[in-house]
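Chemist: mmCIF, C-alpha atoms, file target_5.cif:
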data_structure
loop_
_atom_site.label_atom_id
_atom_site.label_comp_id
_atom_site.auth_asym_id
_atom_site.auth_seq_id
_atom_site.Cartn_x
_atom_site.Cartn_y
_atom_site.Cartn_z
CA MET A 111 -48.91 -58.18 -18.22
CA SER A 112 -51.72 -57.65 -20.72
CA THR A 113 -55.14 -59.05 -19.96
CA ARG A 114 -56.73 -60.85 -22.85
CA HIS A 115 -60.13 -59.54 -23.71
CA THR A 116 -61.98 -61.52 -26.34
CA GLY A 117 -64.11 -64.61 -25.99
CA VAL A 118 -62.52 -66.58 -28.79
CA VAL A 119 -62.75 -70.31 -28.22
CA PRO A 120 -59.96 -72.14 -30.01
CA VAL A 121 -60.63 -75.06 -32.28
CA ALA A 122 -60.18 -78.26 -30.31
CA GLY A 123 -56.56 -79.32 -30.31
CA SER A 124 -55.27 -76.02 -31.66
CA ALA A 125 -51.71 -76.61 -30.56
CA ARG A 126 -48.96 -75.82 -33.04
CA PRO A 127 -49.74 -77.93 -36.13
CA ASP A 128 -47.55 -80.83 -37.15
CA ARG A 129 -46.12 -79.85 -40.54
CA THR A 130 -45.33 -83.01 -42.44
CA GLY A 131 -44.70 -81.47 -45.84
CA ARG A 132 -46.17 -82.47 -49.18
CA HIS A 133 -47.67 -85.79 -50.21
CA PRO A 134 -47.01 -86.36 -53.91
CA HIS A 135 -49.62 -88.03 -56.09
CA ARG A 136 -52.18 -88.49 -53.35
CA HIS A 137 -55.89 -88.71 -54.11
CA ARG A 138 -57.98 -85.85 -52.79
CA PRO A 139 -61.47 -86.41 -51.38
CA ALA A 140 -64.18 -85.17 -53.71
CA GLY A 141 -65.69 -83.09 -50.88
CA TRP A 142 -62.59 -81.13 -50.01
CA THR A 143 -64.66 -77.97 -49.55
CA ALA A 144 -66.30 -79.63 -46.56
CA VAL A 145 -63.08 -79.13 -44.64
CA LEU A 146 -63.23 -75.40 -45.34
CA ALA A 147 -66.87 -75.33 -44.29
CA ALA A 148 -66.08 -77.23 -41.10
CA ALA A 149 -63.42 -74.68 -40.19
CA ALA A 150 -65.93 -71.87 -40.58
CA VAL A 151 -68.63 -73.71 -38.59
CA LEU A 152 -66.28 -74.45 -35.72
CA LEU A 153 -65.42 -70.78 -35.44
CA THR A 154 -68.93 -69.39 -35.98
CA GLY A 155 -70.38 -67.93 -32.83
CA CYS A 156 -67.15 -68.15 -30.89
CA GLY A 157 -67.32 -64.51 -29.90
CA GLY A 158 -71.04 -64.38 -29.13
CA GLY A 159 -71.21 -66.66 -26.06
CA GLU A 160 -71.56 -65.35 -22.51
CA GLN A 161 -68.87 -67.60 -21.14
CA ALA A 162 -65.41 -66.86 -22.47
CA GLY A 163 -63.23 -69.84 -23.25
CA PRO A 164 -59.43 -70.05 -23.14
CA GLU A 165 -57.60 -68.00 -25.73
CA PRO A 166 -55.44 -69.60 -28.41
CA VAL A 167 -51.79 -69.08 -27.61
CA ARG A 168 -50.40 -66.54 -30.05
CA ASN A 169 -46.88 -65.35 -30.49
CA SER A 170 -46.74 -61.90 -28.90
CA GLN A 171 -43.12 -61.43 -29.87
CA PRO A 172 -42.14 -59.49 -32.99
CA ALA A 173 -42.44 -61.53 -36.15
CA PRO A 174 -39.24 -63.33 -37.18
CA ALA A 175 -37.31 -61.82 -40.04
CA GLY A 176 -37.59 -65.01 -42.10
CA PRO A 177 -36.25 -65.52 -45.62
CA PRO A 178 -36.21 -62.72 -48.19
CA THR A 179 -39.56 -61.81 -49.69
CA ASP A 180 -40.32 -63.24 -53.14
CA VAL A 181 -40.75 -60.87 -56.05
CA ALA A 182 -44.13 -62.54 -56.41
CA SER A 183 -45.18 -61.54 -52.89
CA GLU A 184 -44.34 -57.92 -53.58
CA ALA A 185 -46.04 -57.86 -56.98
CA ARG A 186 -49.25 -59.70 -56.07
CA PRO A 187 -51.96 -57.19 -55.08
CA PRO A 188 -54.14 -57.88 -52.03
CA SER A 189 -57.26 -59.94 -52.69
CA ALA A 190 -60.80 -58.92 -51.77
CA ALA A 191 -60.52 -61.20 -48.73
CA ASP A 192 -57.73 -58.97 -47.39
CA ALA A 193 -59.26 -55.61 -48.25
CA VAL A 194 -60.00 -53.06 -45.51
CA PRO A 195 -63.40 -51.32 -45.79
CA PRO A 196 -63.14 -47.62 -46.70
CA GLY A 197 -64.06 -44.79 -44.37
CA PRO A 198 -62.56 -43.04 -41.31
CA LYS A 199 -60.75 -45.24 -38.80
CA GLU A 200 -60.10 -45.03 -35.08
CA PRO A 201 -56.61 -43.58 -34.36
CA ARG A 202 -54.08 -45.91 -32.75
CA ALA A 203 -54.15 -43.91 -29.51
CA ALA A 204 -57.89 -44.60 -29.16
CA LEU A 205 -57.58 -48.37 -29.49
CA SER A 206 -58.37 -50.00 -26.15
CA PRO A 207 -60.53 -52.97 -25.08
CA PRO A 208 -63.27 -52.78 -22.42
CA SER A 209 -60.80 -54.24 -19.93
CA GLY A 210 -57.08 -54.89 -19.92
CA SER A 211 -54.99 -53.70 -22.83
CA PHE A 212 -53.90 -54.65 -26.32
CA THR A 213 -50.38 -55.87 -27.03
CA GLU A 214 -48.26 -53.85 -29.45
CA GLN A 215 -48.71 -56.57 -32.08
CA GLU A 216 -52.49 -56.42 -31.64
CA LYS A 217 -52.40 -52.64 -31.98
CA ASP A 218 -50.32 -53.02 -35.14
CA TYR A 219 -53.05 -55.28 -36.55
CA LEU A 220 -55.86 -52.94 -35.52
CA THR A 221 -54.28 -49.70 -36.71
CA GLY A 222 -56.08 -48.56 -39.82
CA ARG A 223 -58.66 -51.38 -39.59
CA VAL A 224 -61.19 -50.22 -36.96
CA PRO A 225 -64.00 -48.04 -38.38
CA LYS A 226 -64.98 -45.03 -36.31
CA GLY A 227 -67.37 -46.00 -33.53
CA HIS A 228 -66.64 -49.74 -33.74
CA ASP A 229 -65.35 -51.99 -30.96
CA PRO A 230 -61.68 -52.77 -31.68
CA ALA A 231 -61.93 -56.02 -29.69
CA ALA A 232 -64.50 -57.30 -32.19
CA ILE A 233 -62.19 -56.45 -35.10
CA LEU A 234 -59.32 -58.19 -33.34
CA GLN A 235 -61.46 -61.28 -32.88
CA VAL A 236 -61.91 -61.48 -36.66
CA GLY A 237 -58.14 -61.63 -37.09
CA GLN A 238 -57.76 -64.22 -34.34
CA GLU A 239 -60.43 -66.37 -35.95
CA SER A 240 -58.53 -66.18 -39.26
CA CYS A 241 -55.46 -67.52 -37.45
CA ASP A 242 -57.55 -70.26 -35.84
CA ARG A 243 -58.92 -71.27 -39.22
CA LEU A 244 -55.41 -71.53 -40.65
CA ASP A 245 -54.46 -73.68 -37.63
CA TYR A 246 -57.37 -76.00 -38.35
CA LEU A 247 -56.73 -76.29 -42.08
CA LEU A 248 -53.04 -76.88 -41.57
CA ARG A 249 -53.79 -79.79 -39.24
CA GLN A 250 -56.05 -81.32 -41.90
CA ASP A 251 -53.73 -80.88 -44.89
CA ARG A 252 -50.96 -78.40 -45.61
CA GLU A 253 -51.69 -78.06 -49.32
CA LEU A 254 -55.35 -77.54 -48.51
CA ALA A 255 -54.39 -74.67 -46.21
CA VAL A 256 -52.21 -73.09 -48.91
CA THR A 257 -55.00 -73.51 -51.46
CA ALA A 258 -57.51 -71.85 -49.12
CA VAL A 259 -55.21 -68.83 -48.77
CA LEU A 260 -54.62 -68.66 -52.53
CA LEU A 261 -58.37 -68.81 -53.26
CA GLY A 262 -59.17 -66.16 -50.62
CA GLU A 263 -61.16 -68.64 -48.50
CA VAL A 264 -59.63 -67.31 -45.26
CA SER A 265 -60.79 -63.73 -44.83
CA GLY A 266 -58.06 -61.29 -43.84
CA ALA A 267 -55.40 -64.00 -43.74
CA ARG A 268 -52.49 -61.78 -44.77
CA ALA A 269 -53.05 -59.08 -42.16
CA ALA A 270 -53.72 -61.68 -39.46
CA VAL A 271 -50.54 -63.60 -40.27
CA ALA A 272 -48.46 -60.42 -40.43
CA HIS A 273 -49.34 -59.38 -36.88
CA LEU A 274 -51.13 -62.16 -34.97
CA CYS A 275 -49.83 -65.54 -36.16
CA PRO A 276 -46.52 -65.00 -38.02
CA GLU A 277 -45.78 -68.72 -37.72
CA HIS A 278 -48.06 -69.11 -40.77
CA ARG A 279 -45.92 -66.94 -43.05
CA PRO A 280 -44.72 -70.02 -44.97
CA LEU A 281 -48.33 -70.66 -46.04
CA LEU A 282 -48.52 -67.18 -47.57
CA ALA A 283 -45.18 -67.64 -49.32
CA ASP A 284 -46.34 -70.92 -50.87
CA ALA A 285 -49.67 -69.37 -51.89
CA ASP A 286 -47.82 -66.51 -53.59
CA ARG A 287 -45.98 -69.02 -55.80
CA GLY A 288 -49.24 -70.55 -57.00
CA VAL A 289 -52.02 -69.40 -59.31
CA THR A 290 -55.77 -69.86 -59.62
CA ASP A 291 -57.66 -70.78 -62.79
CA GLY A 292 -57.03 -68.39 -65.66
CA THR A 293 -54.62 -67.62 -68.47
CA PHE A 294 -51.05 -66.69 -67.61
CA GLU A 295 -48.00 -65.57 -69.49
CA VAL A 296 -45.03 -67.75 -68.59
CA ALA A 297 -42.11 -65.62 -67.41
CA SER A 298 -39.31 -66.11 -64.91
CA GLU A 299 -40.34 -62.98 -63.01
CA GLY A 300 -43.71 -64.56 -62.08
CA PRO A 301 -46.01 -65.46 -60.66
CA THR A 302 -48.37 -62.53 -60.37
CA ARG A 303 -52.02 -62.44 -61.34
CA GLN A 304 -50.97 -62.37 -65.02
CA ARG A 305 -47.68 -64.30 -64.94
CA LEU A 306 -46.59 -67.79 -64.03
CA ALA A 307 -43.00 -68.79 -63.35
CA PRO A 308 -41.64 -71.88 -65.14
CA GLY A 309 -41.63 -74.98 -62.95
CA ARG A 310 -43.70 -77.95 -61.88
CA TYR A 311 -47.16 -77.42 -60.39
CA ARG A 312 -49.87 -79.51 -58.74
CA ALA A 313 -53.62 -78.87 -58.47
CA PRO A 314 -54.51 -80.35 -55.04
CA THR A 315 -58.28 -79.82 -55.36
CA PRO A 316 -59.30 -80.33 -59.00
CA GLY A 317 -62.91 -80.21 -60.13
CA GLU A 318 -64.38 -82.82 -62.43
CA ASP A 319 -63.98 -80.41 -65.35
CA CYS A 320 -60.32 -79.60 -64.60
CA ARG A 321 -58.48 -78.89 -67.88
CA TRP A 322 -55.27 -77.12 -68.83
CA LEU A 323 -53.45 -75.97 -71.93
CA LEU A 324 -49.75 -75.25 -72.50
CA VAL A 325 -49.08 -73.03 -75.51
CA PRO A 326 -45.44 -73.10 -76.67
CA ALA A 327 -43.55 -70.06 -77.87
CA GLY A 328 -42.90 -69.84 -81.60
CA GLY A 329 -46.24 -71.22 -82.73
CA GLY A 330 -45.65 -74.89 -81.95
CA ARG A 331 -48.33 -77.44 -81.12
CA ALA A 332 -50.19 -76.81 -77.86
CA GLU A 333 -50.27 -79.51 -75.17
CA SER A 334 -53.56 -80.06 -73.35
CA GLY A 335 -54.59 -82.17 -70.41
CA ARG A 336 -57.69 -83.15 -68.45
CA TRP A 337 -58.06 -84.64 -64.99
CA LYS A 338 -60.23 -87.75 -64.60
CA LYS A 339 -62.09 -88.38 -61.37
CA GLY A 340 -60.37 -91.05 -59.30
CA SER A 341 -56.94 -90.34 -60.80
CA PRO A 342 -54.05 -88.87 -58.82
CA VAL A 343 -54.26 -85.10 -58.58
CA PRO A 344 -52.86 -83.47 -61.73
CA GLU A 345 -49.32 -82.20 -62.06
CA VAL A 346 -47.90 -80.22 -64.97
CA THR A 347 -44.45 -79.06 -65.93
CA VAL A 348 -44.40 -75.52 -67.29
CA GLY A 349 -41.14 -75.32 -69.21
CA LYS A 350 -39.29 -72.20 -70.25
CA SER A 351 -40.33 -72.90 -73.84
CA VAL A 352 -43.99 -72.47 -72.88
CA ARG A 353 -45.47 -69.06 -73.71
CA GLU A 354 -48.88 -69.33 -72.08
CA PHE A 355 -50.64 -71.53 -69.52
CA THR A 356 -54.43 -71.76 -69.25
CA SER A 357 -56.42 -73.62 -66.60
CA THR A 358 -60.16 -74.07 -66.03
CA GLY A 359 -61.96 -76.05 -63.35
CA CYS A 360 -58.75 -76.92 -61.46
CA HIS A 361 -59.23 -74.19 -58.83
CA ALA A 362 -55.57 -73.64 -57.91
CA TRP A 363 -52.07 -74.74 -58.89
CA LEU A 364 -49.33 -74.87 -56.25
CA SER A 365 -45.64 -74.74 -57.05
CA LEU A 366 -43.75 -77.95 -56.24
CA ARG A 367 -40.62 -75.95 -55.58
CA GLU A 368 -39.33 -76.70 -52.08
CA GLN A 369 -41.86 -75.27 -49.68
CA ARG A 370 -40.79 -73.04 -46.82
#
Just dump the structure as structure tokens.
Modeler:
Amino acid sequence: MSTRHTGVVPVAGSARPDRTGRHPHRHRPAGWTAVLAAAAVLLTGCGGGEQAGPEPVRNSQPAPAGPPTDVASEARPPSAADAVPPGPKEPRAALSPPSGSFTEQEKDYLTGRVPKGHDPAAILQVGQESCDRLDYLLRQDRELAVTAVLLGEVSGARAAVAHLCPEHRPLLADADRGVTDGTFEVASEGPTRQRLAPGRYRAPTPGEDCRWLLVPAGGGRAESGRWKKGSPVPEVTVGKSVREFTSTGCHAWLSLREQR
């Protein structure tokens, strides 16, 4: 049996989150970013203490096959939060902790990620902390967790989920169906970073200057909207007749298609 090797202290109550689904038309707290900050603070310094705490329970079995991958997931390029620094890496055969051993799933995560001369256990801890942060955010609010992934607020989330906490794959799938602020062509093949699929969307964390514009195909009259503080979070329907969707100050739009 493998001996665990890092000093990661789980966030209090980090049992499998209770997934209650979406909450239509709810009001979001103005300080929603405080939840993201709290997740980071709770995990800061977890690996630097002298006394190791209990490890979060992670699924060491191969990741479930799950539903087919969306076209959007395949088309969307990795964000900066998921990028691996350039330079030579430690070969898989050289990956070993100071004591015990890595599981095959941990080695899969570490392969190609550990710079030459670096401690692989420290790199693994980064991935485990990403999983812990997703655990925490999911317990606070599912849409908040999806938004954090979409905005790149959870560093290395995709690699961590792929190998260390595959139970969070539905969060990635929902994030891949959403978009951040910007201008998007409306097309059924979307979304990618330039395209948005027709459908209904919600902005769970709008800013006070949240605005959007729907430009119809064929030169018709554009439809605009603006969120007012204290109102329910904004929702928009992007129809097939819409050619272009633009958003500013809304941060992120999540698809209201049935979530996985």
Chemist: Need the shell around segment 344-358 of chain A: protein/DNA/RNA residues with any atom at most 10 Å away, counting all atoms listed in the file. Skip same-chain ones fewer than 4 positions apart. Format as a ChimeraX atom specification?
Modeler: /A:134-137,289-298,305-317,319-330,332-338,362-366
Chemist: Box time for segment 358-363 of chain A: axis-aligned, enclosing all its listed atoms, 6 Å extra on each side; report centre and edge lengths in Å to one decimal, as lines of an AutoDock Vina configuration file.
Modeler:
center_x = -57.0
center_y = -75.3
center_z = -62.0
size_x = 21.9
size_y = 15.3
size_z = 20.1
Chemist: May I ask which of the residues A:Leu234, A:Val259, A:Cys241, A:Val194 is the closest one to Arg287 of chain A, counting all atoms listed in the file?
Modeler: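 The shortest atom-to-atom distance to Arg287 of chain A comes from A:Val259.
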Chemist: Which is closest to Tyr219 of chain A among A:Ala255, A:Leu205, A:Ala270, A:Leu261, if we use all atoms listed in the file?
Modeler: A:Ala270
Chemist: Kindly give the distance, in Å, that separates atom CA of Ala269 of chain A and atom CA of Thr213 of chain A, rounded to a single decimal.
Modeler: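 For atom CA of Ala269 of chain A relative to atom CA of Thr213 of chain A, the distance reads 15.7 Å.
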Chemist: A:Asp286, A:Glu253, A:Glu200, A:Glu216: which is nearest Val236 of chain A, counting all atoms listed in the file?
Modeler: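 Comparing A:Asp286, A:Glu253, A:Glu200, A:Glu216 against Val236 of chain A, the winner is A:Glu216.
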Chemist: What does the distance from atom CA of Arg252 of chain A to atom CA of Gln304 of chain A come to in Å, to one decimal?
Modeler: 25.2 Å
Chemist: Ranking A:Asp251, A:Leu282, A:Glu318, A:Ala232 by minimum distance to Gly340 of chain A and counting only C-alpha atoms, which one comes first?
Modeler: A:Glu318
